[in-house]
>>> print(open('input_24.txt').read())   # compact mmCIF, C-alpha atoms
# COMPACT_ATOMS: atom_id res chain seq x y z
CA MET A 1 68.34 80.62 95.47
CA ILE A 2 65.82 80.50 92.64
CA ASP A 3 63.47 77.64 93.06
CA SER A 4 62.78 76.06 89.69
CA ASN A 5 59.53 74.62 91.04
CA ASP A 6 58.20 78.00 92.01
CA SER A 7 54.91 78.34 90.16
CA GLN A 8 55.17 82.11 90.04
CA PHE A 9 58.37 81.97 87.93
CA PRO A 10 58.56 78.82 85.85
CA GLU A 11 62.16 78.81 84.70
CA ASP A 12 61.56 77.70 81.12
CA GLN A 13 58.73 80.12 80.64
CA LEU A 14 60.59 83.10 82.10
CA ALA A 15 63.71 82.42 80.12
CA GLY A 16 61.76 81.96 76.92
CA GLU A 17 59.83 85.14 77.40
CA ILE A 18 62.88 87.18 78.10
CA VAL A 19 64.78 85.72 75.18
CA SER A 20 61.88 86.24 72.89
CA GLU A 21 61.36 89.83 73.93
CA LEU A 22 65.03 90.56 73.66
CA ARG A 23 65.13 89.21 70.13
CA GLN A 24 62.07 91.19 69.14
CA SER A 25 63.05 94.41 70.79
CA ASP A 26 66.05 94.95 68.46
CA GLY A 27 67.49 97.81 70.40
CA VAL A 28 64.32 98.96 72.09
CA PRO A 29 64.88 99.35 75.85
CA PHE A 30 63.71 96.30 77.69
CA ALA A 31 62.15 96.70 81.12
CA ILE A 32 62.04 93.89 83.65
CA PRO A 33 58.91 94.03 85.77
CA ALA A 34 59.47 95.54 89.19
CA GLU A 35 58.26 92.46 91.07
CA HIS A 36 60.79 90.33 89.21
CA THR A 37 63.57 92.72 90.11
CA GLU A 38 62.68 92.56 93.79
CA ASP A 39 62.62 88.77 93.74
CA ILE A 40 65.93 88.53 91.91
CA LEU A 41 67.48 90.92 94.38
CA GLN A 42 66.06 88.94 97.28
CA ASP A 43 67.52 85.71 95.87
CA ALA A 44 70.87 87.42 95.32
CA HIS A 45 70.95 88.60 98.96
CA GLU A 46 70.12 85.13 100.21
CA TYR A 47 72.75 83.56 98.01
CA LEU A 48 75.46 86.02 99.04
CA ALA A 49 74.55 85.66 102.69
CA SER A 50 75.00 81.90 102.48
CA GLN A 51 78.48 82.23 100.95
CA PRO A 52 81.65 82.74 103.01
CA VAL A 53 82.96 86.29 102.82
CA VAL A 54 85.95 86.42 100.54
CA ARG A 55 87.84 89.67 100.76
CA PRO A 56 89.84 90.37 97.66
CA VAL A 57 93.58 90.73 98.22
CA ARG A 58 94.21 94.27 97.26
CA HIS A 59 97.22 95.39 95.30
CA TRP A 60 98.68 97.45 98.13
CA VAL A 61 98.45 94.51 100.51
CA ARG A 62 100.48 92.38 98.10
CA LEU A 63 102.95 95.21 97.60
CA THR A 64 103.27 95.65 101.36
CA ALA A 65 103.88 91.95 101.76
CA VAL A 66 106.64 91.90 99.17
CA VAL A 67 108.31 95.03 100.50
CA SER A 68 108.06 93.78 104.08
CA SER A 69 109.57 90.46 103.15
CA VAL A 70 112.48 92.08 101.34
CA CYS A 71 113.05 94.48 104.24
CA ALA A 72 112.95 91.63 106.72
CA ALA A 73 115.55 89.70 104.73
CA LEU A 74 117.80 92.75 104.43
CA LEU A 75 117.50 93.59 108.11
CA VAL A 76 118.28 90.05 109.16
CA PHE A 77 121.39 90.26 106.98
CA MET A 78 122.36 93.65 108.46
CA VAL A 79 121.84 92.49 112.03
CA THR A 80 123.95 89.44 111.33
CA GLN A 81 126.73 91.58 109.90
CA VAL A 82 126.64 94.08 112.79
CA THR A 83 126.66 91.27 115.32
CA ASP A 84 129.64 89.66 113.63
CA ARG A 85 131.51 92.96 113.60
CA ASP A 86 130.79 93.64 117.28
CA GLN A 87 131.96 90.18 118.22
CA LEU A 88 135.17 90.78 116.31
CA THR A 89 135.69 94.08 118.12
CA GLU A 90 134.94 92.75 121.56
CA GLU A 91 137.10 89.68 121.43
CA SER A 92 140.60 89.85 122.75
CA ALA A 93 142.90 91.12 120.07
CA ALA A 94 145.42 88.41 120.65
CA SER A 95 142.88 85.64 120.42
CA VAL A 96 141.30 86.75 117.16
CA PRO A 97 142.47 84.55 114.32
CA ASP A 98 143.27 85.88 110.88
CA THR A 99 140.15 86.44 108.82
CA ASP A 100 139.46 87.59 105.32
CA LEU A 101 138.96 91.13 106.66
CA ARG A 102 142.31 91.08 108.38
CA SER A 103 144.03 89.81 105.29
CA LEU A 104 142.54 92.74 103.37
CA TYR A 105 143.26 95.36 106.06
CA PRO A 106 145.90 93.84 108.29
CA LYS A 107 146.40 97.07 110.24
CA ASP A 108 142.70 97.41 111.07
CA ILE A 109 143.24 95.94 114.51
CA ASP A 110 139.78 96.61 115.93
CA GLY A 111 138.07 95.50 112.73
CA ASN A 112 135.93 98.64 112.29
CA GLY A 113 136.77 98.91 108.58
CA THR A 114 139.29 101.77 108.81
CA VAL A 115 142.84 102.12 110.02
CA ASP A 116 142.87 104.92 112.58
CA ILE A 117 144.70 105.92 115.71
CA LEU A 118 142.56 103.56 117.79
CA ASP A 119 144.27 100.64 116.06
CA ALA A 120 147.67 101.94 117.13
CA TYR A 121 146.33 102.63 120.62
CA ALA A 122 145.00 99.07 120.89
CA MET A 123 148.39 97.71 119.86
CA ALA A 124 150.20 99.96 122.33
CA ARG A 125 147.98 98.78 125.15
CA LEU A 126 148.55 95.19 124.12
CA LEU A 127 152.28 95.82 124.08
CA GLU A 128 152.16 97.34 127.56
CA SER A 129 150.15 94.44 128.92
CA GLY A 130 152.88 92.06 127.78
CA GLU A 131 150.61 89.93 125.60
CA SER A 132 151.96 88.47 122.41
CA GLY A 133 150.74 89.74 119.07
CA GLY A 134 153.02 88.04 116.61
CA HIS A 135 150.58 88.34 113.72
CA TRP A 136 150.91 92.15 113.95
CA ASP A 137 154.61 92.12 113.34
CA PHE A 138 154.26 94.50 110.42
CA ASN A 139 157.95 95.22 110.01
CA SER A 140 158.76 91.49 110.12
CA ASP A 141 161.44 91.79 112.78
CA GLY A 142 160.08 88.78 114.65
CA GLN A 143 158.27 90.59 117.46
CA LEU A 144 155.53 93.09 118.27
CA ASN A 145 157.20 96.28 119.42
CA GLU A 146 156.96 100.05 119.28
CA ASP A 147 157.98 100.11 115.62
CA ASP A 148 154.89 98.14 114.65
CA VAL A 149 152.70 100.58 116.59
CA GLN A 150 154.36 103.47 114.76
CA LEU A 151 153.67 101.86 111.40
CA VAL A 152 149.96 101.62 112.18
CA ALA A 153 149.83 105.18 113.52
CA PHE A 154 151.54 106.59 110.43
CA ASP A 155 149.21 104.57 108.25
CA ALA A 156 146.27 106.24 110.00
CA VAL A 157 147.42 109.77 109.10
CA MET A 158 148.54 109.12 105.52
CA LEU A 159 147.20 111.66 103.05
CA MET B 1 66.51 95.71 101.07
CA GLN B 2 70.00 96.81 100.19
CA TYR B 3 73.05 94.64 100.39
CA GLN B 4 75.61 96.11 102.77
CA CYS B 5 79.17 95.56 101.78
CA SER B 6 81.58 95.07 104.66
CA LYS B 7 83.67 98.22 105.24
CA LYS B 8 86.05 96.56 107.67
CA ARG B 9 89.54 96.46 106.21
CA SER B 10 91.54 94.55 108.75
CA LEU B 11 94.99 93.21 107.86
CA PRO B 12 95.46 89.49 108.28
CA PHE B 13 97.35 88.42 111.37
CA CYS B 14 100.35 87.23 109.34
CA TRP B 15 100.84 90.69 107.83
CA ILE B 16 100.62 92.35 111.21
CA THR B 17 103.19 89.89 112.52
CA LEU B 18 105.48 90.60 109.59
CA ILE B 19 105.22 94.36 110.00
CA VAL B 20 105.86 94.12 113.73
CA LEU B 21 108.86 91.89 113.02
CA ASP B 22 110.20 94.44 110.53
CA ALA B 23 109.80 97.28 112.98
CA GLY B 24 111.55 95.25 115.67
CA LEU B 25 114.44 94.45 113.37
CA VAL B 26 114.82 98.11 112.42
CA VAL B 27 115.00 99.06 116.09
CA VAL B 28 117.51 96.31 116.84
CA ALA B 29 119.69 97.18 113.84
CA MET B 30 119.68 100.89 114.67
CA ALA B 31 120.44 100.25 118.32
CA GLN B 32 123.35 97.95 117.52
CA ASP B 33 124.73 100.34 114.95
CA ARG B 34 124.53 103.21 117.41
CA VAL B 35 126.52 101.33 120.00
CA ALA B 36 129.19 100.18 117.60
CA SER B 37 129.69 103.26 115.47
CA PRO B 38 131.86 106.20 116.48
CA VAL B 39 129.68 108.47 114.36
CA ASP B 40 128.90 110.59 117.42
CA THR B 41 132.42 111.97 117.40
CA ILE B 42 132.49 112.95 113.72
CA GLU B 43 131.68 116.57 113.07
CA LEU B 44 132.66 119.13 110.49
CA VAL B 45 133.64 122.50 111.89
CA ILE B 46 134.40 125.66 109.96
CA ILE B 47 136.76 127.99 111.80
CA GLN B 48 137.76 131.49 110.82
CA ILE B 49 140.94 133.12 112.09
CA GLU B 50 141.37 136.86 111.87
CA GLY B 51 144.29 138.22 109.88
CA PRO B 52 145.78 141.67 109.28
CA ALA B 53 144.14 143.78 106.63
CA ASN B 54 146.92 146.30 106.11
CA ILE B 55 149.35 144.11 104.16
CA LYS B 56 149.88 143.57 100.44
CA ALA B 57 148.37 140.69 98.46
CA HIS B 58 151.65 138.79 98.09
CA ASP B 59 153.11 139.52 101.49
CA VAL B 60 154.04 136.33 103.34
CA ARG B 61 153.83 135.98 107.10
CA PHE B 62 154.02 133.16 109.65
CA GLU B 63 151.52 132.49 112.40
CA ALA B 64 150.78 129.73 114.89
CA VAL B 65 147.37 128.37 115.81
CA ASP B 66 146.48 126.11 118.73
CA LEU B 67 144.37 123.02 118.41
CA ILE B 68 142.08 122.74 121.43
CA MET B 69 140.14 119.64 122.45
CA ASP B 70 137.44 119.57 125.10
CA SER B 71 136.55 116.07 126.29
CA GLY B 72 134.46 117.20 129.22
CA GLU B 73 134.99 115.27 132.43
CA LEU B 74 136.38 112.23 130.66
CA PRO B 75 140.12 111.71 130.20
CA LEU B 76 141.29 111.96 126.60
CA ALA B 77 143.45 108.99 125.58
CA ALA B 78 143.37 109.13 121.77
CA TRP B 79 142.28 111.55 119.11
CA GLN B 80 142.42 111.93 115.35
CA LEU B 81 141.23 114.79 113.18
CA GLU B 82 141.62 116.23 109.73
CA ILE B 83 142.20 119.90 108.95
CA GLN B 84 141.86 121.49 105.54
CA SER B 85 142.42 125.13 104.72
CA ARG B 86 139.52 126.77 102.91
CA SER B 87 141.53 129.87 102.05
CA PRO B 88 144.18 130.19 99.36
CA GLY B 89 147.77 130.89 100.35
CA VAL B 90 147.72 128.86 103.57
CA GLU B 91 150.32 126.11 104.17
CA PHE B 92 151.22 124.03 107.20
CA VAL B 93 154.93 124.42 107.87
CA GLY B 94 155.35 122.96 111.36
CA ILE B 95 153.52 120.86 113.94
CA GLU B 96 154.15 120.84 117.70
CA GLY B 97 152.72 118.85 120.58
CA GLY B 98 150.27 120.00 123.20
CA ASP B 99 150.32 121.35 126.74
CA HIS B 100 149.59 118.21 128.71
CA GLU B 101 152.42 115.78 129.37
CA ALA B 102 150.45 112.96 127.74
CA PHE B 103 150.37 114.80 124.42
CA GLU B 104 153.51 116.92 124.61
CA ASN B 105 155.12 115.13 121.67
CA PRO B 106 154.05 116.18 118.19
CA PRO B 107 151.07 114.18 116.92
CA TYR B 108 151.41 111.72 114.07
CA TYR B 109 151.10 113.31 110.64
CA ASP B 110 152.10 112.60 107.07
CA PRO B 111 155.28 114.56 106.20
CA GLN B 112 153.65 115.34 102.87
CA ALA B 113 151.22 117.54 104.78
CA LEU B 114 153.97 120.10 105.31
CA ASN B 115 153.87 122.83 102.69
CA ASN B 116 150.40 121.60 101.95
CA ASP B 117 146.93 122.86 102.93
CA ARG B 118 145.59 119.62 104.37
CA VAL B 119 146.75 117.47 107.25
CA ILE B 120 145.55 114.50 109.28
CA LEU B 121 146.71 114.62 112.88
CA ALA B 122 146.46 111.85 115.47
CA ALA B 123 147.89 110.97 118.86
CA PHE B 124 147.32 108.58 121.74
CA SER B 125 148.71 108.12 125.19
CA THR B 126 148.81 105.13 127.50
CA ALA B 127 149.90 107.28 130.43
CA ASP B 128 148.02 107.11 133.71
CA GLU B 129 147.54 110.88 133.79
CA LEU B 130 145.46 112.10 130.88
CA PRO B 131 143.97 115.52 130.12
CA SER B 132 140.31 116.18 130.59
CA GLY B 133 138.23 119.24 129.93
CA ARG B 134 139.69 121.86 127.62
CA SER B 135 143.29 121.23 126.63
CA ARG B 136 145.69 122.28 123.87
CA ILE B 137 146.62 119.08 122.06
CA ALA B 138 148.80 120.52 119.28
CA ARG B 139 150.13 123.71 117.77
CA LEU B 140 150.24 124.29 114.02
CA HIS B 141 152.66 126.70 112.36
CA LEU B 142 151.33 128.31 109.22
CA GLN B 143 152.68 130.22 106.30
CA LEU B 144 150.11 132.74 105.11
CA GLU B 145 150.01 134.88 102.02
CA GLY B 146 147.92 137.99 101.67
CA PRO B 147 145.67 140.00 103.96
CA GLY B 148 142.43 139.26 105.76
CA PRO B 149 140.98 136.33 107.66
CA TYR B 150 141.52 132.70 106.71
CA GLU B 151 139.36 129.64 107.25
CA PHE B 152 139.84 126.01 108.18
CA GLU B 153 137.55 123.05 107.80
CA MET B 154 138.06 120.53 110.59
CA GLN B 155 136.62 117.05 111.02
CA VAL B 156 137.11 115.12 114.24
CA ASN B 157 137.44 111.42 113.37
CA VAL B 158 138.30 109.83 116.68
CA THR B 159 138.09 110.85 120.31
CA ALA B 160 138.50 108.05 122.81
CA THR B 161 139.06 107.65 126.49
CA ILE B 162 140.83 104.90 128.40
CA ASP B 163 140.27 101.42 126.94
CA GLY B 164 139.61 102.98 123.53
CA GLU B 165 135.99 103.74 124.27
CA SER B 166 134.64 106.44 121.98
CA ILE B 167 133.61 109.67 123.73
CA PRO B 168 132.03 112.92 122.58
CA ALA B 169 134.48 115.79 122.38
CA THR B 170 134.67 119.13 120.63
CA ALA B 171 137.67 120.54 118.86
CA SER B 172 138.49 124.11 117.95
CA ILE B 173 141.33 126.20 116.52
CA GLN B 174 142.42 129.52 117.89
CA LYS B 175 145.30 131.85 117.17
CA SER B 176 148.25 131.11 119.38
CA THR B 177 148.93 133.74 121.98
CA ILE B 178 152.63 132.86 122.36
>>> encode(input="input_24.txt", output="structure tokens")
Amino acid sequence: MIDSNDSQFPEDQLAGEIVSELRQSDGVPFAIPAEHTEDILQDAHEYLASQPVVRPVRHWVRLTAVVSSVCAALLVFMVTQVTDRDQLTEESAASVPDTDLRSLYPKDIDGNGTVDILDAYAMARLLESGESGGHWDFNSDGQLNEDDVQLVAFDAVML
Amino acid sequence: MQYQCSKKRSLPFCWITLIVLDAGLVVVAMAQDRVASPVDTIELVIIQIEGPANIKAHDVRFEAVDLIMDSGELPLAAWQLEIQSRSPGVEFVGIEGGDHEAFENPPYYDPQALNNDRVILAAFSTADELPSGRSRIARLHLQLEGPGPYEFEMQVNVTATIDGESIPATASIQKSTI
């Protein structure tokens, strides 16, 4: 730091001289004496060395942070959705209650988003195992039977 | 003396943590999707069948082609595929079952596919004995108009083994020898 009591550079005198010369120069290049430059540079180094290093947050770092945060949120959402879907697929067909998905696609037995032959196959296996599947009584005859399996299979191959 | 600016550009720990978390989530999401999706079985195949060259442009003939599925060592319990003709003058006029007892009945198809150039076929079997390896799963009867080869575009949608587990399998079409 500049010491105001330093006899070599009295603050008032130095400032006055510089201001005066600047006013008189009127566009003429003004040269600061070399010894002054060295001392100013020395003081600047000492001052900067005493200050904590503050690294500026660069634009790309901010951009990375925003993109990363958005990606993290999206991925958490995706993982949640995939996990929910897998749980729906893995659970016993008979024990799965009606959901919004099932009300939209009632013949999508395995809940994979499409009605295909695997849905009919799952129903046929359920039928063979003797389990009840009353909520898949698509022809409304009061029971799950081969006709309901056929309805799902034909739905899978509809053009 | 010259002031040396710091050239170290290290990311803060929180950013590193966030990036590592993102990478981990990507891996987890991709892994879960790979297990759950039957994408492995979906493929688009272009098949060309030779036809006679020495007939007139509007001559109509009938031919049969066999649909062959190869499920490797695993038993085939269910399959579904879509066939579309890429050549003009080709219509499906009849559909039969396959060689193996499990798939000897005609597969499921939309009756509107007959006299049309596109069909979705599907079948399943809960029998104890199921075909494995290379097996004819269906026979398609065609009405063809004009000379030369004709092409099909085939997409396998589902191939599954016992318990409905998705398996890799390849499908092909060849001219029936019978």
>>> closest_residue(input="input_24.txt", among="B:Ile137, B:Leu81, B:Val27, B:Ile19", to="B:Glu153", atoms="only C-alpha atoms")
B:Leu81
>>> closest_atom_pairs(input="input_24.txt", of="chain A", to="chain B", cutoff="6 Å", atoms="all atoms listed in the file", output="JSON lines")
{"residue": "A:Ala72", "atom": "CA", "partner": "B:Asp22", "partner_atom": "CA", "distance": 5.5}
{"residue": "A:Val79", "atom": "CA", "partner": "B:Ala29", "partner_atom": "CA", "distance": 5.5}
{"residue": "A:Val157", "atom": "CA", "partner": "B:Ile120", "partner_atom": "CA", "distance": 5.1}
{"residue": "A:Met158", "atom": "CA", "partner": "B:Asp110", "partner_atom": "CA", "distance": 5.2}
>>> atom_distance(input="input_24.txt", atom1="atom CA of B:Ile68", atom2="atom CA of B:Arg136")
4.4 Å
>>> closest_residue(input="input_24.txt", among="B:Pro131, B:Gly89, B:Pro52, B:Gly146", to="B:Ala102", atoms="all atoms listed in the file")
B:Pro131
>>> residues_around(input="input_24.txt", residues="stretch 125-127 of chain A", least_positions_apart="4", cutoff="8 Å", atoms="all atoms listed in the file", output="ChimeraX atom specification")
/A:121,131-133,144-146 /B:126
>>> residues_around(input="input_24.txt", residues="B:Pro75", least_positions_apart="6", cutoff="6 Å", atoms="only C-alpha atoms", output="ChimeraX atom specification")
/B:130-132,161
>>> atom_distance(input="input_24.txt", atom1="atom CA of B:Ala169", atom2="atom CA of B:Ser85")
21.5 Å
>>> residues_around(input="input_24.txt", residues="B:His141", least_positions_apart="2", cutoff="8 Å", atoms="only C-alpha atoms", output="ChimeraX atom specification")
/B:62-65,92-95,139,143
>>> closest_residue(input="input_24.txt", among="A:Arg58, A:Leu41, A:Gln81, A:Gln150", to="A:Ile117", atoms="only C-alpha atoms")
A:Gln150
>>> atom_distance(input="input_24.txt", atom1="atom CA of B:Asp99", atom2="atom CA of B:Ser135")
7.0 Å
>>> decode(input="input_24.txt", residues="stretch 103-115 of chain B", atoms="C-alpha atoms", output="CSV table (one decimal), in the first residue's frame")
chain,number,residue,atom,x,y,z
B,103,PHE,CA,-47.6,-72.5,-34.7
B,104,GLU,CA,-49.5,-74.8,-37.2
B,105,ASN,CA,-52.6,-72.6,-37.0
B,106,PRO,CA,-52.6,-69.5,-39.1
B,107,PRO,CA,-51.3,-66.4,-37.3
B,108,TYR,CA,-53.5,-63.6,-36.3
B,109,TYR,CA,-54.0,-61.0,-39.0
B,110,ASP,CA,-56.4,-58.3,-40.0
B,111,PRO,CA,-58.8,-59.6,-42.7
B,112,GLN,CA,-58.4,-56.2,-44.4
B,113,ALA,CA,-54.8,-57.3,-45.1
B,114,LEU,CA,-56.1,-59.7,-47.8
B,115,ASN,CA,-56.0,-58.2,-51.2
